[in-house]
Every structure is written in structure tokens, then in C-alpha cells.
Amino acid sequence: MARSVTNQRKAINTAAAWIIGLLIFFPILWTILTSFKTEAQAIADPPLFLFFDWTTENYSTVMERSNYGRFLWNSIFIAGGSTILGIIIAIPAAWSMAFVPSRRTKDILLWMLSTKMLPAVGVLYPIYLLFIQFGLLDNVYGLTFILMLINLPIIVWMLYTYFREIPGEILEAARMDGAGLKSEILYVLTPMAIPGIASTLLLNFILAWNEAFWTLNLTAAKAAPLTAFIASYSSPEGLFYAKLSAASTMAIAPILIMGWFSQKQLVRGLTFGAVK
Amino acid sequence: MGQIQLKQVQKKFGEVEVIPPLDLEINDGEFVVFVGPSGCGKSTLLRLIAGLEDTTGGNIEIDGADATDLPPAKRRLAMVFQSYALYPHMSVRKNIAFPMKMAKMPEEEQNRRIESAAKALNLTDYLDRKPGQLSGGQRQRVAIGRAIVREPAAFLFDEPLSNLDAALRVGMRMEIGELHKKLETTMIYVTHDQVEAMTMADKIVVLQAGVIEQVGSPLELYHTPRNVFVAGFIGSPKMNLIEGPEAAKHGAHTIGIRPEHTEISTTEGLWEGTVGVAEHLGSDTFIHIHGIEGCDPMTVRASGDVAVKHGDTVYLTPKADQIHKFGTDGLRMS
């Protein structure tokens, strides 16, 4: 009796998980489908699901009109650069918070996180002025720097959580063995935290890749990443859903593929420390 | 050389003073054991010597030079931790090589020392394994190997055997003892197990609440404990401590008598009591006797074949010259 209830429950849970999963994935699926329709089919009423004349015309048009390669390179540079820079800064910060905490460490961590609660637009004006002042507008380095700052609290938090799992005695052993601070972090802490660092890298790469507010507001032509590439199909010529969908698909494809291959690492990273 | 001197060393965590100012001298080549109950400050004291904790006051001198403010790396001390603290991502070889790599020792010399340490510690076949693939005893040997290759001024052991099972512990105890005889290097060993302290030490430091209760050789502590605490802590089973009228008869506040210094008889004796639990170890029997005023139960060591059972009435007579007397302040009366 108990067993049948369990099985029934299991079936319901599985079905619910599938429904939620499909609901979340549906907009992406719809975007991908729309990218293979003509503009007329894209706005057809009732909407066409699978039975339409599949065409790759939108992709050729998008490729002709925009320099996809440059946008892609900018995205890789900005997302990759900001993540790596963030990790380099965050490792020593997380080390000190995890292993030599002061009475104020928890406050500092919370304060850092609180900066993420501020609406980004609230600091747009001062940042914009600073960027003008330093000549960083429409500059990949400027954008890399600002995205690094935006994601730094999350990187520090994640690394802090992983580092807390590493027994302090091992680092003390390294100190006794003659390791200075640099050697301790380089030869002992970092290799032991590789899984944690890898998932932090992945997650922040994705966050930086998808970041749209700063990338749209601080770039024009030279430094624009794929978010700007999508945006360029959304407004000026009216609504071209099919081309917009093609551009979106091209923008999300690289990160989607990367996410697919690293999902195990990502899930482990996001649930790290939850179960001991 | 490995002479360590603590002068008025003090440690506070915030407002809490865990180690009031204390003095201690550890001579070159000595095997010193810090022993005391949990939370007595013995590990903290070791960590102060190691440099893993900062002192609040006082000085630590190593070979005559002030080391109070030196980082752990500069003190020429090696430490073996309770959890072994091996580097899980490195092979046994790399674990042992790590301190030499940090000291930028030539590779040939590193290999020579690794081979000789591995041979001495029976690790030759395991050099390419990761710590996760080793048993507890092997891991502890790797930790010791990592410590000896540096040829430090002194070794610090922080309860190194507490994670091992009983049989392995006895074996490792002997191996560490042998190692000390061979290397003749100063060793400071922290344990809460007084058997380890008695069997291994040249000198025992008994600590309670951060205060040194007594310093001396194992037998000195056993035969002439300075106070009631040391009397009760050193020796297994514990010394019987008797207060009240029986003690007053000897002009003391407390008298102590070890289990082996009491005669047991079924017919006559000074004190009458009832047999409670009897622990038969084969060679000896430890009998817990109830009903003796001022000490309940009293433990007595009898021969392995003693014929008493639960509920029997027995008579006890302490050996008069083996009675320890303590005053109201807890100190030994001469």
C-alpha cells in the first residue's frame, strides 16, 4: 500500500518537473522556431507551431547585415575577461573572509551582497560620467571592468562558501611546511577548490554573457557584445520577429551549448555545501 | 638544536584568558608531552609555539632567539596534525616533498630524503598514491614523513593518534618513540590520553585551565603528584581520593591511594565494602567497591584470578607508606 502511494507520488512529481521544465524552456524553443519562419508566418494568427515552411533566410539576412563575429568576440572578451579578473580579485578576498575572519566579516559579506539589491539604473548616471571622464565609453576594457565589479559580490560569496568547506588545518599544515601566503593560495587552496572555482567561473561567465543593462548603455558600435546585437534587431525598423529571433538564437547558442556540456559542474556548484 | 623556552606566555581570546602567563623550558632532544583534560589549553599552547596563534603576552624563544613574532614558516618547527592535514590533491611523494619544495631544496636532495623517509616509514610502495587511497595509519605515516624530511628543530604533534583504532594506536606510539630515539630531535606531543603521556614522555606537563599543574618525569608524577588534580589525572585506573573522617585520621583534607596499593581480603581489613562491578582483564582484575565512606566507589587492583563476585562483602587495607596526603588547598603535604 505504502509502496503504491510512493510510486504515484513519484509519477506526479516527475510530471510536474517536466511541465515546469517545459514552461521555462518554451520561450527559448519559440524563439528558435520563429527564427526559421518567414516574417509573415512569425506573426500569423493563430500561431504556427511546427507545420510551416522552414527557412534559413533570416540567418543569411542577419549575417549579411551585421558583423556577428565582432559581436561574438566582444561577448567572449567581456564575459571571459570580467570573470577571470573577478576570480583573481575574489580568491584572496574569499580566503581572508573564510580563514581569518574578523568580527565584521559577516557584515562585509552582507554589505557586498546588498550592492546587488540596488537597481543598476540608480548608478547609471555617475558611472556614465566616470566613463566619459576616463574615455571608457564604447570600450571593451571599460565594459570588462564594470561587469567584473557588478559580479564581484557573487564571485566572492560563491568562493567564500567553497573555501569554508576546506579544512583550515590543511592550510595551517602548509604554513608549517614553510609556505608563504602566495604559495599557500597557489599550491594548496586553489587546487583544492578547483571544482568550486570552476563552477564560479561558469556561472559568472553566463551572467556576464547575458548582462544587458550595462552592455547596452555603455556601448555603441565598437565594444558592443551580443546583447547589443539582439537589441539592434528590436527597434529601429519596426518589428521583425523572425530576424530578431534569428539574432537571439545566434546570441544564445554559444552559451547554451557551453551550459549543456557543463551542466553537471553547474548543478554541483549551485548546490555545493547544501548536503554534507 | 631544538631548545624552546616560554617566558610569561599568555593567550586571551577576546576577554577570555585561556592561558594565564606561564613559564616552561623544553630542553634539546627531549620528548615532552602536554597532557590534560579537553579544553585545558594544551593544543592552544602547542599552536602558540608553532606560531599558528599569536601570543597575547610573553616571549617564545627557540634556541635562544626570540621567535614570538616569527611566522610559522620561519620557526623551523614541523607539525603533525590530528586530522593528518595531508594535501588531498597531491600524491604521497608530493606531500612529503612539499616542505622541501617550499625551502627550494635541490631536487636530487629532495628525492634522496623522500626515499629514505619512505623506507623508514614503510611507504615506498605508496609514493604515487593519493592520500584518499591510504588507510588512517598510512596517512599518519605520510604526515610524519612530511615532518621529518625538513629536519626541523623540533616536532610538534597535536593528538596525532586520536583518529586511529586502539591496536594501531599502540603500534604508532611505539613507532613515534623509536623515531625519537633515532632522530634525537625535540618533540612536543599533545594528548588527552594519560597512557600515551606516561608511555612516551621524558617529561610530562600536566595542564588544567591553561595552568601548568606539574612538570616532571612520568614516574615522578606518578609517585609524587604535586596536587589532587595531578594525583587524580595521572594513573589508570585513577587514584582513589578519600575525603572526610578517614582523611582526617591522617591529618589531611584528602588522602589518595592507588588501586594497586590496597590489599583486598574477604575476612579482615581496615575498611568494609561491597563488590560492585569487577573488570576482568586476565592479568589483573579491577574491582569497584561501594560503601566506603568518603570514596564511592573505590577501585582496587587484584590478581587476575581473584574469586569475588558482585554483592560480596570484602575488606580493604591500604599500604600505609603509599598513602598520599593533600591539604585543604589541594597541595601535597610532605
# chains A, B, ... in the order shown; residues from 1 in each chain; ligands from 1
call {"tool": "interface_residues", "arguments": {"of": "chain A", "to": "chain B", "cutoff": "9 Å", "atoms": "only C-alpha atoms", "output": "list in words"}}
result
Pro167, Gly168, Glu169, Ile170, Leu171, Glu172, Ala173, Ala174, Arg175, Met176, Asp177, Gly178, Ala179, Gly180, Ser183, Val188, Pro191 and Met192 of chain A
call {"tool": "write_last_selection", "arguments": {"atoms": "N, CA and C atoms", "output": "mmCIF file, in the first residue's frame"}}
result
data_model
loop_
_atom_site.group_PDB
_atom_site.id
_atom_site.type_symbol
_atom_site.label_atom_id
_atom_site.label_comp_id
_atom_site.auth_asym_id
_atom_site.auth_seq_id
_atom_site.Cartn_x
_atom_site.Cartn_y
_atom_site.Cartn_z
ATOM 1 N N PRO A 167 39.163 22.228 5.098
ATOM 2 C CA PRO A 167 39.622 22.241 6.488
ATOM 3 C C PRO A 167 40.797 23.201 6.691
ATOM 4 N N GLY A 168 40.656 24.070 7.674
ATOM 5 C CA GLY A 168 41.703 25.052 7.956
ATOM 6 C C GLY A 168 43.038 24.412 8.310
ATOM 7 N N GLU A 169 42.992 23.196 8.872
ATOM 8 C CA GLU A 169 44.234 22.525 9.282
ATOM 9 C C GLU A 169 45.168 22.284 8.100
ATOM 10 N N ILE A 170 44.588 22.062 6.925
ATOM 11 C CA ILE A 170 45.437 21.797 5.753
ATOM 12 C C ILE A 170 46.230 23.056 5.394
ATOM 13 N N LEU A 171 45.575 24.200 5.516
ATOM 14 C CA LEU A 171 46.284 25.454 5.228
ATOM 15 C C LEU A 171 47.321 25.730 6.314
ATOM 16 N N GLU A 172 46.973 25.358 7.555
ATOM 17 C CA GLU A 172 47.947 25.536 8.639
ATOM 18 C C GLU A 172 49.151 24.632 8.413
ATOM 19 N N ALA A 173 48.872 23.414 7.918
ATOM 20 C CA ALA A 173 49.975 22.491 7.617
ATOM 21 C C ALA A 173 50.894 23.128 6.570
ATOM 22 N N ALA A 174 50.282 23.769 5.574
ATOM 23 C CA ALA A 174 51.088 24.415 4.528
ATOM 24 C C ALA A 174 51.951 25.515 5.140
ATOM 25 N N ARG A 175 51.367 26.256 6.075
ATOM 26 C CA ARG A 175 52.123 27.329 6.735
ATOM 27 C C ARG A 175 53.295 26.752 7.522
ATOM 28 N N MET A 176 53.026 25.645 8.223
ATOM 29 C CA MET A 176 54.103 24.992 8.977
ATOM 30 C C MET A 176 55.178 24.467 8.027
ATOM 31 N N ASP A 177 54.742 24.043 6.836
ATOM 32 C CA ASP A 177 55.688 23.489 5.862
ATOM 33 C C ASP A 177 56.496 24.567 5.163
ATOM 34 N N GLY A 178 56.307 25.800 5.570
ATOM 35 C CA GLY A 178 57.144 26.861 5.030
ATOM 36 C C GLY A 178 56.505 27.644 3.896
ATOM 37 N N ALA A 179 55.207 27.426 3.650
ATOM 38 C CA ALA A 179 54.568 28.157 2.568
ATOM 39 C C ALA A 179 54.187 29.560 3.036
ATOM 40 N N GLY A 180 54.529 30.565 2.238
ATOM 41 C CA GLY A 180 54.064 31.917 2.492
ATOM 42 C C GLY A 180 52.635 32.023 2.002
ATOM 43 N N SER A 183 52.231 31.081 -1.784
ATOM 44 C CA SER A 183 52.345 29.635 -2.056
ATOM 45 C C SER A 183 51.143 28.890 -1.500
ATOM 46 N N VAL A 188 48.071 25.154 -2.550
ATOM 47 C CA VAL A 188 47.221 24.335 -1.685
ATOM 48 C C VAL A 188 45.744 24.701 -1.830
ATOM 49 N N PRO A 191 44.210 24.590 -5.859
ATOM 50 C CA PRO A 191 43.969 23.249 -6.412
ATOM 51 C C PRO A 191 42.869 22.496 -5.677
ATOM 52 N N MET A 192 42.762 22.727 -4.356
ATOM 53 C CA MET A 192 41.726 22.017 -3.609
ATOM 54 C C MET A 192 40.344 22.566 -3.912
#
call {"tool": "residues_around", "arguments": {"residues": "Leu266 (chain A)", "least_positions_apart": "5", "cutoff": "9 Å", "atoms": "only C-alpha atoms", "output": "PDB file with C-alpha atoms, in the first residue's frame"}}
result
ATOM      1  CA  ALA A 198      35.215  26.085 -11.979  1.00  0.00           C
ATOM      2  CA  SER A 199      31.512  26.416 -11.185  1.00  0.00           C
ATOM      3  CA  THR A 200      32.017  30.022 -10.111  1.00  0.00           C
ATOM      4  CA  LEU A 202      30.985  29.080 -15.406  1.00  0.00           C
ATOM      5  CA  LEU A 203      28.139  30.798 -13.615  1.00  0.00           C
ATOM      6  CA  GLY A 259      25.877  25.312 -20.391  1.00  0.00           C
ATOM      7  CA  THR A 271      24.145  23.024  -4.541  1.00  0.00           C
TER       8      THR A 271
END
call {"tool": "atom_distance", "arguments": {"atom1": "CA of Met298 (chain B)", "atom2": "CA of Arg226 (chain B)"}}
result
21.5 Å
call {"tool": "atom_distance", "arguments": {"atom1": "CA of Leu179 (chain B)", "atom2": "CA of Leu161 (chain B)"}}
result
15.0 Å
call {"tool": "residues_around", "arguments": {"residues": "Tyr126 (chain B)", "least_positions_apart": "4", "cutoff": "12 Å", "atoms": "only C-alpha atoms", "output": "list of chain:residue names"}}
result
B:Ser91, B:Val92, B:Arg93, B:Lys94, B:Asn95, B:Ile96, B:Ile114, B:Glu115, B:Ala118, B:Lys119, B:Leu121, B:Asn122, B:Lys130, B:Pro131, B:Gly132, B:Gln133, B:Leu134, B:Ser135, B:Gln138, B:Arg139, B:Arg141, B:Val142
call {"tool": "select_by_dssp", "arguments": {"residues": "region 48-229 of chain A", "states": "helix (DSSP H, G or I)", "output": "PDB file with C-alpha atoms, in the first residue's frame"}}
result
ATOM      1  CA  GLU A  57      16.660  33.117 -44.832  1.00  0.00           C
ATOM      2  CA  ASN A  58      16.597  35.102 -41.572  1.00  0.00           C
ATOM      3  CA  TYR A  59      20.046  33.809 -40.667  1.00  0.00           C
ATOM      4  CA  SER A  60      21.539  34.815 -44.008  1.00  0.00           C
ATOM      5  CA  THR A  61      19.946  38.266 -43.741  1.00  0.00           C
ATOM      6  CA  VAL A  62      21.267  38.746 -40.207  1.00  0.00           C
ATOM      7  CA  MET A  63      24.736  37.574 -41.228  1.00  0.00           C
ATOM      8  CA  GLU A  64      24.729  39.961 -44.184  1.00  0.00           C
ATOM      9  CA  ARG A  65      23.562  42.944 -42.208  1.00  0.00           C
ATOM     10  CA  TYR A  68      28.250  38.649 -35.997  1.00  0.00           C
ATOM     11  CA  GLY A  69      31.891  37.681 -35.482  1.00  0.00           C
ATOM     12  CA  ARG A  70      32.768  41.028 -33.915  1.00  0.00           C
ATOM     13  CA  PHE A  71      29.809  40.930 -31.522  1.00  0.00           C
ATOM     14  CA  LEU A  72      30.686  37.359 -30.590  1.00  0.00           C
ATOM     15  CA  TRP A  73      34.320  38.243 -29.948  1.00  0.00           C
ATOM     16  CA  ASN A  74      33.283  41.222 -27.793  1.00  0.00           C
ATOM     17  CA  SER A  75      30.975  38.975 -25.768  1.00  0.00           C
ATOM     18  CA  ILE A  76      33.706  36.403 -25.248  1.00  0.00           C
ATOM     19  CA  PHE A  77      36.229  39.062 -24.317  1.00  0.00           C
ATOM     20  CA  ILE A  78      33.944  40.916 -21.910  1.00  0.00           C
ATOM     21  CA  ALA A  79      32.401  37.852 -20.260  1.00  0.00           C
ATOM     22  CA  GLY A  80      35.679  35.930 -20.084  1.00  0.00           C
ATOM     23  CA  GLY A  81      37.797  38.904 -19.053  1.00  0.00           C
ATOM     24  CA  SER A  82      35.438  40.109 -16.346  1.00  0.00           C
ATOM     25  CA  THR A  83      35.107  36.605 -14.926  1.00  0.00           C
ATOM     26  CA  ILE A  84      38.843  35.889 -14.814  1.00  0.00           C
ATOM     27  CA  LEU A  85      39.630  39.327 -13.395  1.00  0.00           C
ATOM     28  CA  GLY A  86      36.874  38.837 -10.806  1.00  0.00           C
ATOM     29  CA  ILE A  87      38.231  35.441  -9.771  1.00  0.00           C
ATOM     30  CA  ILE A  88      41.769  36.820  -9.385  1.00  0.00           C
ATOM     31  CA  ILE A  89      40.488  39.565  -7.084  1.00  0.00           C
ATOM     32  CA  ALA A  90      37.965  37.369  -5.279  1.00  0.00           C
ATOM     33  CA  ILE A  91      40.270  34.450  -4.327  1.00  0.00           C
ATOM     34  CA  PRO A  92      42.369  36.435  -1.813  1.00  0.00           C
ATOM     35  CA  ALA A  93      39.226  38.243  -0.576  1.00  0.00           C
ATOM     36  CA  ALA A  94      37.343  34.993  -0.019  1.00  0.00           C
ATOM     37  CA  TRP A  95      40.464  33.427   1.527  1.00  0.00           C
ATOM     38  CA  SER A  96      40.706  36.124   4.162  1.00  0.00           C
ATOM     39  CA  MET A  97      36.979  36.016   4.922  1.00  0.00           C
ATOM     40  CA  ALA A  98      36.910  32.230   5.172  1.00  0.00           C
ATOM     41  CA  PHE A  99      40.137  31.603   7.074  1.00  0.00           C
ATOM     42  CA  THR A 105      33.348  39.670   8.152  1.00  0.00           C
ATOM     43  CA  LYS A 106      29.674  38.715   8.060  1.00  0.00           C
ATOM     44  CA  ASP A 107      28.726  42.401   7.826  1.00  0.00           C
ATOM     45  CA  ILE A 108      31.139  42.953   4.958  1.00  0.00           C
ATOM     46  CA  LEU A 109      29.719  39.971   3.096  1.00  0.00           C
ATOM     47  CA  LEU A 110      26.175  41.215   3.570  1.00  0.00           C
ATOM     48  CA  TRP A 111      27.148  44.710   2.564  1.00  0.00           C
ATOM     49  CA  MET A 112      28.758  43.391  -0.594  1.00  0.00           C
ATOM     50  CA  LEU A 113      25.635  41.454  -1.428  1.00  0.00           C
ATOM     51  CA  SER A 114      23.439  44.457  -0.680  1.00  0.00           C
ATOM     52  CA  THR A 115      25.037  46.270  -3.627  1.00  0.00           C
ATOM     53  CA  LYS A 116      23.288  43.681  -5.796  1.00  0.00           C
ATOM     54  CA  MET A 117      19.929  44.819  -4.396  1.00  0.00           C
ATOM     55  CA  ALA A 120      21.557  49.257 -11.636  1.00  0.00           C
ATOM     56  CA  VAL A 121      19.927  52.318 -13.162  1.00  0.00           C
ATOM     57  CA  GLY A 122      20.426  54.091  -9.846  1.00  0.00           C
ATOM     58  CA  VAL A 123      24.156  54.360 -10.505  1.00  0.00           C
ATOM     59  CA  LEU A 124      23.983  54.704 -14.283  1.00  0.00           C
ATOM     60  CA  TYR A 125      24.445  58.455 -14.215  1.00  0.00           C
ATOM     61  CA  PRO A 126      27.607  58.587 -12.062  1.00  0.00           C
ATOM     62  CA  ILE A 127      29.118  55.611 -13.864  1.00  0.00           C
ATOM     63  CA  TYR A 128      28.316  57.132 -17.232  1.00  0.00           C
ATOM     64  CA  LEU A 129      30.018  60.376 -16.207  1.00  0.00           C
ATOM     65  CA  LEU A 130      33.039  58.480 -14.930  1.00  0.00           C
ATOM     66  CA  PHE A 131      33.246  56.549 -18.181  1.00  0.00           C
ATOM     67  CA  ILE A 132      33.179  59.792 -20.170  1.00  0.00           C
ATOM     68  CA  GLN A 133      35.856  61.229 -17.897  1.00  0.00           C
ATOM     69  CA  VAL A 140      35.732  46.639 -24.190  1.00  0.00           C
ATOM     70  CA  TYR A 141      38.146  47.223 -21.313  1.00  0.00           C
ATOM     71  CA  GLY A 142      35.756  49.619 -19.610  1.00  0.00           C
ATOM     72  CA  LEU A 143      32.908  47.184 -20.017  1.00  0.00           C
ATOM     73  CA  THR A 144      35.004  44.265 -18.763  1.00  0.00           C
ATOM     74  CA  PHE A 145      35.883  46.288 -15.692  1.00  0.00           C
ATOM     75  CA  ILE A 146      32.314  47.331 -14.912  1.00  0.00           C
ATOM     76  CA  LEU A 147      30.935  43.800 -15.367  1.00  0.00           C
ATOM     77  CA  MET A 148      33.679  42.484 -13.134  1.00  0.00           C
ATOM     78  CA  LEU A 149      32.568  44.941 -10.437  1.00  0.00           C
ATOM     79  CA  ILE A 150      28.914  44.037 -10.919  1.00  0.00           C
ATOM     80  CA  ASN A 151      29.559  40.302 -10.481  1.00  0.00           C
ATOM     81  CA  LEU A 152      32.320  40.531  -7.880  1.00  0.00           C
ATOM     82  CA  PRO A 153      29.972  40.178  -4.868  1.00  0.00           C
ATOM     83  CA  ILE A 154      28.572  36.933  -6.275  1.00  0.00           C
ATOM     84  CA  ILE A 155      32.050  35.590  -7.060  1.00  0.00           C
ATOM     85  CA  VAL A 156      33.300  36.408  -3.559  1.00  0.00           C
ATOM     86  CA  TRP A 157      30.211  34.849  -1.981  1.00  0.00           C
ATOM     87  CA  MET A 158      30.473  31.669  -4.001  1.00  0.00           C
ATOM     88  CA  LEU A 159      34.208  31.248  -3.383  1.00  0.00           C
ATOM     89  CA  TYR A 160      33.727  32.044   0.302  1.00  0.00           C
ATOM     90  CA  THR A 161      31.174  29.223   0.536  1.00  0.00           C
ATOM     91  CA  TYR A 162      33.541  26.747  -1.144  1.00  0.00           C
ATOM     92  CA  PHE A 163      36.560  27.810   0.893  1.00  0.00           C
ATOM     93  CA  ARG A 164      34.610  27.343   4.108  1.00  0.00           C
ATOM     94  CA  GLY A 168      41.703  25.052   7.956  1.00  0.00           C
ATOM     95  CA  GLU A 169      44.234  22.525   9.282  1.00  0.00           C
ATOM     96  CA  ILE A 170      45.437  21.797   5.753  1.00  0.00           C
ATOM     97  CA  LEU A 171      46.284  25.454   5.228  1.00  0.00           C
ATOM     98  CA  GLU A 172      47.947  25.536   8.639  1.00  0.00           C
ATOM     99  CA  ALA A 173      49.975  22.491   7.617  1.00  0.00           C
ATOM    100  CA  ALA A 174      51.088  24.415   4.528  1.00  0.00           C
ATOM    101  CA  ARG A 175      52.123  27.329   6.735  1.00  0.00           C
ATOM    102  CA  MET A 176      54.103  24.992   8.977  1.00  0.00           C
ATOM    103  CA  LEU A 181      50.670  33.400   1.742  1.00  0.00           C
ATOM    104  CA  LYS A 182      51.222  33.264  -2.018  1.00  0.00           C
ATOM    105  CA  SER A 183      52.345  29.635  -2.056  1.00  0.00           C
ATOM    106  CA  GLU A 184      49.550  28.660   0.305  1.00  0.00           C
ATOM    107  CA  ILE A 185      46.899  30.099  -2.012  1.00  0.00           C
ATOM    108  CA  LEU A 186      48.606  28.963  -5.206  1.00  0.00           C
ATOM    109  CA  TYR A 187      49.700  25.409  -4.344  1.00  0.00           C
ATOM    110  CA  VAL A 188      47.221  24.335  -1.685  1.00  0.00           C
ATOM    111  CA  LEU A 189      43.999  26.335  -1.570  1.00  0.00           C
ATOM    112  CA  THR A 190      43.371  26.860  -5.280  1.00  0.00           C
ATOM    113  CA  PRO A 191      43.969  23.249  -6.412  1.00  0.00           C
ATOM    114  CA  MET A 192      41.726  22.017  -3.609  1.00  0.00           C
ATOM    115  CA  ILE A 194      39.160  23.730  -8.312  1.00  0.00           C
ATOM    116  CA  PRO A 195      35.600  22.323  -8.530  1.00  0.00           C
ATOM    117  CA  GLY A 196      34.239  25.373  -6.711  1.00  0.00           C
ATOM    118  CA  ILE A 197      36.307  27.799  -8.751  1.00  0.00           C
ATOM    119  CA  ALA A 198      35.215  26.085 -11.979  1.00  0.00           C
ATOM    120  CA  SER A 199      31.512  26.416 -11.185  1.00  0.00           C
ATOM    121  CA  THR A 200      32.017  30.022 -10.111  1.00  0.00           C
ATOM    122  CA  LEU A 201      33.786  30.689 -13.418  1.00  0.00           C
ATOM    123  CA  LEU A 202      30.985  29.080 -15.406  1.00  0.00           C
ATOM    124  CA  LEU A 203      28.139  30.798 -13.615  1.00  0.00           C
ATOM    125  CA  ASN A 204      29.732  34.209 -13.810  1.00  0.00           C
ATOM    126  CA  PHE A 205      30.643  33.751 -17.438  1.00  0.00           C
ATOM    127  CA  ILE A 206      26.960  33.096 -18.130  1.00  0.00           C
ATOM    128  CA  LEU A 207      25.839  36.067 -16.017  1.00  0.00           C
ATOM    129  CA  ALA A 208      28.297  38.367 -17.768  1.00  0.00           C
ATOM    130  CA  TRP A 209      27.366  36.993 -21.191  1.00  0.00           C
ATOM    131  CA  ASN A 210      23.679  37.726 -20.576  1.00  0.00           C
ATOM    132  CA  PHE A 213      21.797  46.823 -18.894  1.00  0.00           C
ATOM    133  CA  TRP A 214      25.413  47.999 -18.843  1.00  0.00           C
ATOM    134  CA  THR A 215      26.381  46.493 -22.165  1.00  0.00           C
ATOM    135  CA  LEU A 216      23.530  48.366 -23.881  1.00  0.00           C
ATOM    136  CA  ASN A 217      24.028  51.651 -22.075  1.00  0.00           C
ATOM    137  CA  LEU A 226      25.818  40.026 -28.493  1.00  0.00           C
ATOM    138  CA  THR A 227      23.206  41.656 -26.257  1.00  0.00           C
ATOM    139  CA  ALA A 228      23.543  44.790 -28.380  1.00  0.00           C
ATOM    140  CA  PHE A 229      23.436  42.577 -31.466  1.00  0.00           C
TER     141      PHE A 229
END
call {"tool": "atom_distance", "arguments": {"atom1": "CA of Ile292 (chain B)", "atom2": "CA of Thr254 (chain B)"}}
result
14.4 Å
call {"tool": "residues_around", "arguments": {"residues": "region 326-332 of chain B", "least_positions_apart": "2", "cutoff": "12 Å", "atoms": "only C-alpha atoms", "output": "JSON, numbers by chain"}}
result
{"B": [213, 214, 221, 223, 224, 225, 226, 227, 228, 229, 230, 231, 232, 241, 242, 243, 244, 247, 248, 250, 251, 252, 253, 254, 255, 256, 257, 323, 324, 334]}
call {"tool": "residues_around", "arguments": {"residues": "region 39-41 of chain B", "least_positions_apart": "2", "cutoff": "6 Å", "atoms": "only C-alpha atoms", "output": "PyMOL selection string"}}
result
chain B and resi 36-37+43-44+208-210
call {"tool": "write_last_selection", "arguments": {"atoms": "C-alpha atoms", "output": "CSV table (one decimal), in the first residue's frame"}}
result
chain,number,residue,atom,x,y,z
B,36,GLY,CA,45.3,17.5,30.4
B,37,PRO,CA,41.5,17.2,30.0
B,43,SER,CA,46.5,22.5,22.0
B,44,THR,CA,46.5,26.2,22.2
B,208,GLN,CA,44.4,22.4,33.7
B,209,ALA,CA,42.5,25.5,32.6
B,210,GLY,CA,45.7,26.8,31.0
call {"tool": "select_by_dssp", "arguments": {"residues": "region 242-303 of chain B", "states": "strand (DSSP E or B)", "output": "VMD selection string"}}
result
chain B and resid 242 to 243 254 to 257 262 to 265 271 to 280 284 to 290 298 to 303
call {"tool": "residues_around", "arguments": {"residues": "region 56-65 of chain B", "least_positions_apart": "6", "cutoff": "12 Å", "atoms": "only C-alpha atoms", "output": "MDAnalysis selection string"}}
result
chainID B and resid 1:29 45:50 74:77 152:154 186
call {"tool": "write_last_selection", "arguments": {"atoms": "C-alpha atoms", "output": "mmCIF file, in the first residue's frame"}}
result
data_model
loop_
_atom_site.group_PDB
_atom_site.id
_atom_site.type_symbol
_atom_site.label_atom_id
_atom_site.label_comp_id
_atom_site.auth_asym_id
_atom_site.auth_seq_id
_atom_site.Cartn_x
_atom_site.Cartn_y
_atom_site.Cartn_z
ATOM 1 C CA MET B 1 69.275 22.026 18.195
ATOM 2 C CA GLY B 2 65.771 22.384 19.494
ATOM 3 C CA GLN B 3 65.598 24.163 22.790
ATOM 4 C CA ILE B 4 62.344 26.000 23.419
ATOM 5 C CA GLN B 5 61.680 28.419 26.213
ATOM 6 C CA LEU B 6 58.356 30.012 27.103
ATOM 7 C CA LYS B 7 58.585 33.138 29.221
ATOM 8 C CA GLN B 8 55.369 34.501 30.738
ATOM 9 C CA VAL B 9 53.476 33.347 27.639
ATOM 10 C CA GLN B 10 49.847 34.354 27.788
ATOM 11 C CA LYS B 11 46.865 33.889 25.481
ATOM 12 C CA LYS B 12 43.487 35.566 25.535
ATOM 13 C CA PHE B 13 40.618 35.074 23.109
ATOM 14 C CA GLY B 14 38.817 38.391 23.447
ATOM 15 C CA GLU B 15 38.235 38.815 27.160
ATOM 16 C CA VAL B 16 38.696 35.134 27.959
ATOM 17 C CA GLU B 17 42.125 34.230 29.249
ATOM 18 C CA VAL B 18 42.740 30.646 28.131
ATOM 19 C CA ILE B 19 46.385 30.609 29.167
ATOM 20 C CA PRO B 20 47.442 32.800 32.085
ATOM 21 C CA PRO B 21 51.127 33.816 31.891
ATOM 22 C CA LEU B 22 53.261 30.664 32.155
ATOM 23 C CA ASP B 23 56.920 29.689 32.020
ATOM 24 C CA LEU B 24 58.242 26.450 30.596
ATOM 25 C CA GLU B 25 61.587 25.164 29.451
ATOM 26 C CA ILE B 26 61.943 22.376 26.918
ATOM 27 C CA ASN B 27 65.462 21.033 26.502
ATOM 28 C CA ASP B 28 67.100 19.947 23.282
ATOM 29 C CA GLY B 29 66.209 16.383 22.351
ATOM 30 C CA LEU B 45 49.848 26.171 23.885
ATOM 31 C CA LEU B 46 51.218 23.984 21.094
ATOM 32 C CA ARG B 47 49.739 26.305 18.460
ATOM 33 C CA LEU B 48 51.366 29.277 20.194
ATOM 34 C CA ILE B 49 54.729 27.523 19.946
ATOM 35 C CA ALA B 50 54.001 26.661 16.294
ATOM 36 C CA LYS B 74 60.303 30.691 9.866
ATOM 37 C CA ARG B 75 60.352 28.790 13.165
ATOM 38 C CA ARG B 76 61.971 25.590 11.826
ATOM 39 C CA LEU B 77 59.285 23.506 13.500
ATOM 40 C CA PRO B 152 63.263 20.597 11.905
ATOM 41 C CA ALA B 153 64.487 21.964 15.218
ATOM 42 C CA ALA B 154 61.501 20.311 16.902
ATOM 43 C CA THR B 186 62.982 17.644 20.436
#
call {"tool": "closest_residue", "arguments": {"among": "B:Leu127, B:Leu156, B:Val195, B:Leu164", "to": "Ile144 (chain B)", "atoms": "only C-alpha atoms"}}
result
B:Leu156
call {"tool": "decode", "arguments": {"residues": "region 254-265 of chain A", "atoms": "C-alpha atoms", "output": "PDB file, in the first residue's frame"}}
result
ATOM      1  CA  PRO A 254      27.257  29.550 -27.708  1.00  0.00           C
ATOM      2  CA  ILE A 255      26.300  29.923 -24.049  1.00  0.00           C
ATOM      3  CA  LEU A 256      23.530  27.325 -24.357  1.00  0.00           C
ATOM      4  CA  ILE A 257      25.993  24.786 -25.771  1.00  0.00           C
ATOM      5  CA  MET A 258      28.540  25.611 -23.090  1.00  0.00           C
ATOM      6  CA  GLY A 259      25.877  25.312 -20.391  1.00  0.00           C
ATOM      7  CA  TRP A 260      24.731  21.970 -21.790  1.00  0.00           C
ATOM      8  CA  PHE A 261      28.198  20.454 -21.583  1.00  0.00           C
ATOM      9  CA  SER A 262      28.948  21.850 -18.143  1.00  0.00           C
ATOM     10  CA  GLN A 263      25.567  21.312 -16.509  1.00  0.00           C
ATOM     11  CA  LYS A 264      26.894  18.674 -14.131  1.00  0.00           C
ATOM     12  CA  GLN A 265      29.536  21.106 -12.864  1.00  0.00           C
TER      13      GLN A 265
END
